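Student: Quick one: this structure, given as structure tokens, is what I'll be asking you about.
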Amino acid sequence: RETQFTEEMAKPCCSFDGQRVGLFVNAGLSGALADVASPSVGGIGLYRSEIPFMLHSHFLTESEQLILYKKVMRSAKGKPVTMRTLDVGGDKPLAYFPIVESNPFLGWRGIRLTLDHPEMLLIQLRAMIKASVGNAALSILLPMVSNLKEIERSQGYIAQALQEIEQELGRPVVPPKIGIMLEIPAMIFQLPQISRLVDFISVGSNDLTQYLLAVDRSNPAVSELFDSYHPAVLTALAEIARISNSLNLEFSICGELAGEPLAVMLLVGMGYRQLSMNPGNLGRINYLIRRLNTQEMEQLLESALLCQSAYQVRGLCIEKLESLG
Ligand code: PEP
Ligand code: MG
């Protein structure tokens with residue numbers, strides 16, 4: 001099968017009945033970048049900018065970030081790149097920037113932290129925008145957004161960074177698209193307002209699951225309760241797709257779920273048309289989608305949403321996979 005999966009990567013990803021599904025890569029380490037060139041890959045759907053920060057022993061300077069981001073954008077070979085601003089805190093500590101708090105996952109994480117340190121945010125935004133010039137269409141993705149003010153303040157800094165780069169280069173620069181991670185459940189209820197502010201949303205199913213179920217994603221004592229196949233989580237994901245479609249808001253998903261065959265059948269059934277995943281999953285996801293009709297996936301979803309438990313949902317999905325041979 002593995003060779004078959006590799007061959008599959010040369011083919012565009014669409015369902016058996018011809019529905020296109022964009023496959024994108026989650027990256028953060030340079031190893032993941034090689035796969036972006038593959039013909040079936042649409043670009044980088046999530047660049048986790050905190051990963052290089054976690055691997056260094058100091059905050060990367062603007063010029064260090066510029067070198068790094070240029071490498072990332074060039075590896076995309078003209079395909080679009082979505083870069084997420086620093087998402088530290090919670091499960092992603094920086095040794096050289098210790099944060100002590102009793103509830104790290106509800107605390108100083110992601111955009112909260114960088115908006116409190118605009119000098120850090122601005123350096124990063126400047127490096128991202130500068131690196132994109134002549135290399136890739138850039139989208140900037142804001143992590144852990146929990147209110148509209150955070151979006152507006154971030155947009156102010158993006159506008160400032162853009163203006164500074166334009167002044168330095170002495171010419172206009174294509175403004176980046178701006179989007180947020182949809183990973184805090186409350187944001188589902190503000191999608192109409194969010195859609196007026198941003199160009200797109202990207203669903204972070206890892207954190208969305210954690211916050212919907214109130215289960216720490218990294219605590220082994222409760223790891224059995226952390227389950228994105230929980231019917232309530234699936235209902236939330238389906239709602240996000242339904243509402244976004246009704247608002248004409250571009251949406252994609254970049255959590256681990258987007259790379260899992262069992263879940264992808266449900267996600268496509270919900271209407272997700274852009275999936276961003278770890279590169280190792282691209283081949284099998286393409287292989288799977290090409291063998292399914294959209295209608296079958298919609299029917300599977302309908303049954304899944306009526307299930308009582310995650311266990312039942314998995315059972316249904318496994319049955320479907322097995323029926324494909
Ligand atoms: C997520 O929360 O689903 C996500 C993609 O971001 P991270 O796993 O980096 O928090
Ligand atoms: Mg997250």
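Starting from 1 in every chain, residues are counted up; chains themselves are A, B, ... following the order of the structure tokens, and ligands are numbered from 1 as listed.
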Residues within 8 Å of ligand 1 should be enumerated using only C-alpha atoms and all ligand atoms and returned as a list in words.

Tutor: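 Checking only C-alpha atoms and all ligand atoms against ligand 1 at 8 Å gives Leu46, Arg48, Asp87, Pro143, Met181, Glu183, Val203, Gly204, Ser205, Asn206, Asp207, Leu208, Ile253, Cys254, Gly255 and Glu256 of chain A.
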
Student: Show which residues sit within 12 Å of Ala263 of chain A, as a ChimeraX atom specification. Count only C-alpha atoms, and ignore same-chain residues fewer than 2 positions away.

Tutor: /A:205,227-231,233-234,237-238,253,255-261,265-270,272,275,285,288-289,297,300-301,304,310,313-318,320-321

Student: Could you write out that same residue set with N, CA and C atoms as a tab-separated table (two decimals), in the first residue's frame?

Tutor:
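Listed below is the output, result11.tsv:
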```tsv
chain	number	residue	atom	x	y	z
A	205	SER	N	-8.48	21.42	15.47
A	205	SER	CA	-9.33	20.43	16.15
A	205	SER	C	-8.69	19.90	17.43
A	227	ASP	N	-11.08	12.98	22.95
A	227	ASP	CA	-11.46	12.23	21.76
A	227	ASP	C	-12.23	13.12	20.79
A	228	SER	N	-11.61	13.39	19.66
A	228	SER	CA	-12.23	14.27	18.67
A	228	SER	C	-13.40	13.61	17.95
A	229	TYR	N	-13.59	12.30	18.19
A	229	TYR	CA	-14.74	11.60	17.57
A	229	TYR	C	-15.98	11.66	18.48
A	230	HIS	N	-15.85	12.32	19.61
A	230	HIS	CA	-17.00	12.57	20.50
A	230	HIS	C	-18.09	13.23	19.64
A	231	PRO	N	-19.31	12.69	19.65
A	231	PRO	CA	-20.35	13.25	18.79
A	231	PRO	C	-20.53	14.76	18.97
A	233	VAL	N	-18.16	16.95	19.62
A	233	VAL	CA	-17.07	17.62	18.89
A	233	VAL	C	-17.38	17.60	17.39
A	234	LEU	N	-17.86	16.47	16.91
A	234	LEU	CA	-18.20	16.36	15.49
A	234	LEU	C	-19.33	17.33	15.13
A	237	LEU	N	-17.78	20.70	14.74
A	237	LEU	CA	-17.04	20.81	13.47
A	237	LEU	C	-18.00	20.97	12.30
A	238	ALA	N	-19.11	20.23	12.35
A	238	ALA	CA	-20.10	20.32	11.27
A	238	ALA	C	-20.76	21.70	11.27
A	253	ILE	N	-9.21	23.01	7.85
A	253	ILE	CA	-8.94	22.37	9.15
A	253	ILE	C	-7.50	21.89	9.17
A	255	GLY	N	-6.01	20.57	12.40
A	255	GLY	CA	-5.70	19.73	13.56
A	255	GLY	C	-5.37	18.32	13.11
A	256	GLU	N	-4.99	17.47	14.05
A	256	GLU	CA	-4.58	16.09	13.72
A	256	GLU	C	-5.67	15.33	12.96
A	257	LEU	N	-6.93	15.66	13.27
A	257	LEU	CA	-8.06	14.99	12.65
A	257	LEU	C	-7.99	15.02	11.12
A	258	ALA	N	-7.46	16.10	10.58
A	258	ALA	CA	-7.43	16.27	9.13
A	258	ALA	C	-6.52	15.26	8.44
A	259	GLY	N	-5.69	14.56	9.23
A	259	GLY	CA	-4.79	13.56	8.63
A	259	GLY	C	-5.21	12.14	8.97
A	260	GLU	N	-6.38	11.99	9.61
A	260	GLU	CA	-6.83	10.65	10.00
A	260	GLU	C	-7.90	10.14	9.04
A	261	PRO	N	-7.66	8.98	8.42
A	261	PRO	CA	-8.62	8.47	7.43
A	261	PRO	C	-10.04	8.37	7.95
A	265	MET	N	-13.28	11.12	6.21
A	265	MET	CA	-14.56	10.80	5.54
A	265	MET	C	-15.67	11.69	6.10
A	266	LEU	N	-15.64	11.90	7.42
A	266	LEU	CA	-16.66	12.74	8.05
A	266	LEU	C	-16.46	14.21	7.69
A	267	LEU	N	-15.21	14.64	7.70
A	267	LEU	CA	-14.92	16.06	7.42
A	267	LEU	C	-15.35	16.44	6.01
A	268	VAL	N	-15.06	15.57	5.04
A	268	VAL	CA	-15.48	15.87	3.66
A	268	VAL	C	-17.01	15.85	3.61
A	269	GLY	N	-17.62	14.92	4.36
A	269	GLY	CA	-19.08	14.89	4.44
A	269	GLY	C	-19.65	16.19	5.01
A	270	MET	N	-18.90	16.81	5.91
A	270	MET	CA	-19.35	18.09	6.52
A	270	MET	C	-19.21	19.26	5.56
A	272	TYR	N	-15.82	20.19	4.47
A	272	TYR	CA	-14.42	20.68	4.48
A	272	TYR	C	-13.78	20.35	3.14
A	275	LEU	N	-7.77	20.47	3.70
A	275	LEU	CA	-7.28	19.71	4.85
A	275	LEU	C	-5.78	19.91	4.94
A	285	ILE	N	-4.46	9.73	2.65
A	285	ILE	CA	-5.69	10.54	2.61
A	285	ILE	C	-6.12	10.74	1.15
A	288	LEU	N	-7.62	7.54	-0.16
A	288	LEU	CA	-8.97	7.30	0.40
A	288	LEU	C	-10.03	8.17	-0.28
A	289	ILE	N	-9.75	9.47	-0.36
A	289	ILE	CA	-10.75	10.40	-0.90
A	289	ILE	C	-11.08	10.05	-2.35
A	297	MET	N	-20.04	10.00	1.91
A	297	MET	CA	-19.41	10.61	3.09
A	297	MET	C	-20.44	11.44	3.86
A	300	LEU	N	-22.50	8.92	5.75
A	300	LEU	CA	-21.74	8.41	6.90
A	300	LEU	C	-21.79	9.43	8.04
A	301	LEU	N	-21.62	10.69	7.67
A	301	LEU	CA	-21.67	11.76	8.68
A	301	LEU	C	-23.03	11.80	9.37
A	304	ALA	N	-23.10	9.20	11.84
A	304	ALA	CA	-22.15	9.46	12.93
A	304	ALA	C	-22.72	10.47	13.92
A	310	ALA	N	-18.12	8.26	21.03
A	310	ALA	CA	-16.99	8.25	20.10
A	310	ALA	C	-16.71	6.82	19.64
A	313	VAL	N	-18.95	5.98	16.86
A	313	VAL	CA	-18.57	6.71	15.64
A	313	VAL	C	-17.40	6.00	14.96
A	314	ARG	N	-16.38	5.66	15.74
A	314	ARG	CA	-15.24	4.96	15.16
A	314	ARG	C	-15.66	3.66	14.51
A	315	GLY	N	-16.56	2.94	15.19
A	315	GLY	CA	-17.05	1.66	14.68
A	315	GLY	C	-17.66	1.84	13.29
A	316	LEU	N	-18.50	2.86	13.17
A	316	LEU	CA	-19.15	3.15	11.88
A	316	LEU	C	-18.12	3.45	10.80
A	317	CYS	N	-17.14	4.28	11.17
A	317	CYS	CA	-16.13	4.70	10.18
A	317	CYS	C	-15.24	3.52	9.79
A	318	ILE	N	-14.91	2.67	10.75
A	318	ILE	CA	-14.08	1.51	10.44
A	318	ILE	C	-14.83	0.58	9.48
A	320	LYS	N	-17.02	1.43	7.35
A	320	LYS	CA	-17.02	2.07	6.02
A	320	LYS	C	-15.68	1.82	5.32
A	321	LEU	N	-14.60	2.02	6.07
A	321	LEU	CA	-13.27	1.80	5.48
A	321	LEU	C	-13.13	0.37	4.99
```

Student: Neighbours of Ile180 of chain A within 9 Å (only C-alpha atoms; same-chain residues fewer than 5 positions away dropped), as number ranges by chain?

Tutor: A: 84, 140-145, 151, 194, 198-203

Student: Which of these residues is nearest to ligand 2, using only C-alpha atoms and all ligand atoms: A:Val81, A:Leu86, A:Leu55, A:Lys71?

Tutor: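 Smallest separation from ligand 2 among the options: A:Leu86.
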
Student: Please provide as a PyMOL selection string all residues within 8 Å of Ala131 of chain A, with the sequence filter that same-chain residues fewer than 4 positions apart are discarded (counting only C-alpha atoms).

Tutor: chain A and resi 66-67+69-70+73+127+135

Student: Emit the selected residues as a CSV table (one decimal), in the first residue's frame, including N, CA and C atoms.

Tutor:
```csv
chain,number,residue,atom,x,y,z
A,66,LEU,N,14.0,36.0,9.3
A,66,LEU,CA,13.9,36.2,7.8
A,66,LEU,C,14.5,35.1,7.0
A,67,ILE,N,15.7,34.7,7.4
A,67,ILE,CA,16.4,33.6,6.7
A,67,ILE,C,15.5,32.3,6.7
A,69,TYR,N,12.2,32.0,7.3
A,69,TYR,CA,10.9,32.0,6.6
A,69,TYR,C,11.1,32.1,5.1
A,70,LYS,N,12.2,32.7,4.7
A,70,LYS,CA,12.5,32.7,3.2
A,70,LYS,C,12.7,31.3,2.7
A,73,MET,N,9.2,29.7,2.5
A,73,MET,CA,8.4,30.2,1.4
A,73,MET,C,9.0,29.7,0.0
A,127,ALA,N,9.3,40.0,9.5
A,127,ALA,CA,10.1,38.9,8.9
A,127,ALA,C,9.2,38.1,8.0
A,135,ASN,N,8.3,35.5,-3.3
A,135,ASN,CA,8.4,34.1,-3.0
A,135,ASN,C,7.1,33.3,-2.9
```

Student: So that I can check the surroundings of Arg284 of chain A, please list as a list of chain:residue names every protein, DNA and RNA residue that reaches within 12 Å of it, counting only C-alpha atoms and ignoring chain neighbours fewer than 5 positions away.

Tutor: A:Arg1, A:Glu2, A:Thr3, A:Gln4, A:Phe5, A:Thr6, A:Glu7, A:Glu8, A:Met9, A:Cys13, A:Leu23, A:Ala258, A:Gly259, A:Glu260, A:Pro261, A:Leu262, A:Val264, A:Met277, A:Asn278, A:Pro279, A:Ile289, A:Arg290, A:Arg291

Student: For the alpha helix (DSSP H) assignment from backbone DSSP, which residues of segment 96-298 of chain A qualify? Please present them as number ranges by chain.

Tutor: A: 110-116, 118-132, 148-169, 191-197, 205-213, 231-247, 261-270, 282-290, 294-298

Student: My list of candidates is A:Ile243, A:Ile51, A:Leu182, A:Ala232. Which is closest to ligand 2 when distances are computed with only C-alpha atoms and all ligand atoms?

Tutor: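 Answer, going by the shortest atom-to-atom distance: A:Leu182.
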
Student: Which one of A:Thr61, A:Thr85, A:Ser132, A:Gln193 sits closest to Lys149 of chain A if you count only C-alpha atoms?

Tutor: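 Smallest separation from Lys149 of chain A among the options: A:Gln193.
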
Student: To one decimal place in Å, what is the distance between atom CA of Ala159 of chain A and atom CA of Lys130 of chain A?

Tutor: 13.1 Å

Student: For the atom pair atom CA of Gly31 of chain A and atom CA of Ile44 of chain A, what is the interatomic distance in Å to one decimal place?

Tutor: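 So the two atoms, atom CA of Gly31 of chain A and atom CA of Ile44 of chain A, lie 13.0 Å apart.
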